[in-house]
Amino acid sequence: MDEQLKCCICGEPASPANVIGRRAYCDRHFAQINKPHMGFWRTAFLQIILMGIFSAVIAVLADNLHDLSQTMLIIVGLFLAIVPTAWWLFFFYRADRLEPEPKTKIAATFGLALLLTDAVGLRVINGVFDYQSWSVTNQLTSLLGSILVIGFVYMAIEYLAVRAVVYNSEEFDERMDGIVYGTTAGLGVATLLNLHHIIDNQGVALAPGVIFVVTTALAQASFGGLMGYFMAQAKFEHRPKWWVPTGVAVSAILNGFFTWLIGEVSVSGLTVNPWISLIFGLVVALGTFLVLIALMRRANRLTLSPSGS
């Protein structure tokens with residue numbers, strides 16, 4: 001009976017000790033799905049802090065730029081819209097250089113999420129649901145619309161990008177991959193939203209604009225990573241069919257609630273205070289990644305404990 005166990009990833013013989021939730025693994029893949037990834041976590045936290053500092057510095061400098069033409073404002077705005085994603089991916093590449101994920105998969109996941117946001121996401125939100133026309137009726141309507149429309153549409157796109165590009169491939173071979181690719185899909189969504197924000201506003205209000213793009217990147221990356229955790233747990237452990245839909249729903253509710261709340265807390269009277277948004281976004285991003293670290297450590301501890309299987 002033992003000899004019949006096969007690794008669910010590569011098909012090689014597996015040991016009964018390497019069974020997680022009725023899924024068997026060879027020694028190599030069992031070690032791989034449970035290995036620590038402190039480099040990624042350090043990168044994520046450093047990136048969050050640096051993005052906050054970057055946006056604060058640019059926002060302060062932008063307050064003193066009053067003589068730029070509209071064209072130049074748009075060019076600068078587009079550049080700043082891309083910086084958070086480029087910065088995140090650069091730091092991730094540096095942290096993951098010893099055993100990197102295939103750059104083609106990272107690029108494909110990012111690109112598909114970006115394209116789906118433009119081709120499907122914004123058209124569904126603004127066209128099918130006509131979100132802007134009714135979402136400001138009252139606070140309850142605004143909250144429900146933000147969760148049920150914005151949150152679920154964006155998280156569905158991030159899920160589809162990960163699922164279509166990498167989930168069923170051999171490259172998705174450890175728990176951490178779910179968080180990595182979920183974060184990447186979130187950055188794809190955030191980049192398209194940021195580009196639209198700059199273009200639609202024609203580069204005006206550069207200071208709050210850069211805080212908006214950084215906050216958007218932090219939020220989508222964080223909740224995409226949370227969704228990816230649920231996807232990875234479902235692939236590498238025996239989970240019920242409702243596990244992944246629950247993960248997508250939880251991430252969507254948090255995403256929509258954050259989107260609604262960031263608009264509420266940043267408004268003071270008739271003026272908008274983007275600094276509150278930035279601080280709130282940093283706290284939420286750091287908190288989400290702390291939760292992910294705790295979840296990953298708990299999963300690994302239960303797996304490697306004598307009774308964990």
# chains A, B, ... in the order shown; residues from 1 in each chain; ligands from 1
>>> select_by_dssp(residues="region 186-289 of chain A", states="strand (DSSP E or B)", output="PyMOL selection string")
chain A and resi 267-268+271-272
>>> write_last_selection(atoms="N, CA and C atoms", output="PDB file, in the first residue's frame")
ATOM      1  N   VAL A 267     -11.883  61.928   4.261  1.00  0.00           N
ATOM      2  CA  VAL A 267     -12.684  63.130   4.063  1.00  0.00           C
ATOM      3  C   VAL A 267     -12.920  63.827   5.393  1.00  0.00           C
ATOM      4  N   SER A 268     -12.525  65.071   5.470  1.00  0.00           N
ATOM      5  CA  SER A 268     -12.744  65.884   6.669  1.00  0.00           C
ATOM      6  C   SER A 268     -13.524  67.121   6.265  1.00  0.00           C
ATOM      7  N   THR A 271     -13.193  68.831   2.633  1.00  0.00           N
ATOM      8  CA  THR A 271     -11.857  68.651   2.065  1.00  0.00           C
ATOM      9  C   THR A 271     -11.410  67.208   2.214  1.00  0.00           C
ATOM     10  N   VAL A 272     -10.478  66.808   1.357  1.00  0.00           N
ATOM     11  CA  VAL A 272      -9.940  65.456   1.389  1.00  0.00           C
ATOM     12  C   VAL A 272      -8.525  65.501   1.941  1.00  0.00           C
TER      13      VAL A 272
END
>>> closest_residue(among="A:Gln47, A:Asn273, A:Thr137, A:Ser146", to="Phe90 (chain A)", atoms="only C-alpha atoms")
A:Gln47
>>> residues_around(residues="region 67-81 of chain A", least_positions_apart="4", cutoff="12 Å", atoms="only C-alpha atoms", output="PyMOL selection string")
chain A and resi 51+54-55+58-59+62-63+85-87+187-188+190-217
>>> residues_around(residues="region 277-285 of chain A", least_positions_apart="2", cutoff="8 Å", atoms="only C-alpha atoms", output="number ranges by chain")
A: 48-49, 52, 211-212, 214-215, 218-219, 222, 262-263, 265-266, 273-275, 287-289
>>> closest_residue(among="A:Met296, A:Leu148, A:Ala113, A:Ala119", to="Thr183 (chain A)", atoms="only C-alpha atoms")
A:Ala113
>>> atom_distance(atom1="CA of Ala164 (chain A)", atom2="CA of Trp88 (chain A)")
22.6 Å
>>> closest_residue(among="A:Gly247, A:Ser15, A:Glu264, A:Tyr167", to="Phe30 (chain A)", atoms="only C-alpha atoms")
A:Ser15
>>> residues_around(residues="Leu115 (chain A)", least_positions_apart="3", cutoff="10 Å", atoms="only C-alpha atoms", output="list of chain:residue names")
A:Phe110, A:Gly111, A:Leu112, A:Asp118, A:Ala119, A:Val120, A:Gly121, A:Ile157, A:Ala161, A:Gly188, A:Val189, A:Leu192
>>> write_last_selection(atoms="C-alpha atoms", output="CSV table (one decimal), in the first residue's frame")
chain,number,residue,atom,x,y,z
A,110,PHE,CA,0.5,40.6,-13.9
A,111,GLY,CA,-0.4,41.3,-17.5
A,112,LEU,CA,-3.6,39.2,-17.5
A,118,ASP,CA,-9.5,47.2,-18.3
A,119,ALA,CA,-11.5,44.9,-20.6
A,120,VAL,CA,-13.9,43.5,-18.0
A,121,GLY,CA,-13.5,45.0,-14.5
A,157,ILE,CA,-10.1,39.1,-11.7
A,161,ALA,CA,-5.4,35.5,-13.4
A,188,GLY,CA,-1.7,44.1,-12.1
A,189,VAL,CA,-5.2,45.3,-11.0
A,192,LEU,CA,-4.4,49.7,-14.4
>>> closest_residue(among="A:Thr109, A:Ser251, A:Gln220, A:Thr117", to="Arg163 (chain A)", atoms="only C-alpha atoms")
A:Thr109
>>> atom_distance(atom1="CA of Ile293 (chain A)", atom2="CA of Tyr181 (chain A)")
15.8 Å
>>> closest_residue(among="A:Leu144, A:Cys8, A:Met176, A:Ile106", to="Gln233 (chain A)", atoms="only C-alpha atoms")
A:Met176
>>> select_by_dssp(residues="region 39-246 of chain A", states="helix (DSSP H, G or I)", output="PyMOL selection string")
chain A and resi 39-62+70-95+103-128+131-134+139-167+175-200+206-236+243-246
>>> residues_around(residues="region 149-155 of chain A", least_positions_apart="6", cutoff="6 Å", atoms="only C-alpha atoms", output="list in words")
Ala252, Asn255 and Gly256 of chain A
>>> closest_residue(among="A:Phe172, A:Tyr131, A:Tyr159, A:Tyr25", to="Ala232 (chain A)", atoms="only C-alpha atoms")
A:Phe172
>>> atom_distance(atom1="CA of Met231 (chain A)", atom2="CA of Gly178 (chain A)")
6.1 Å
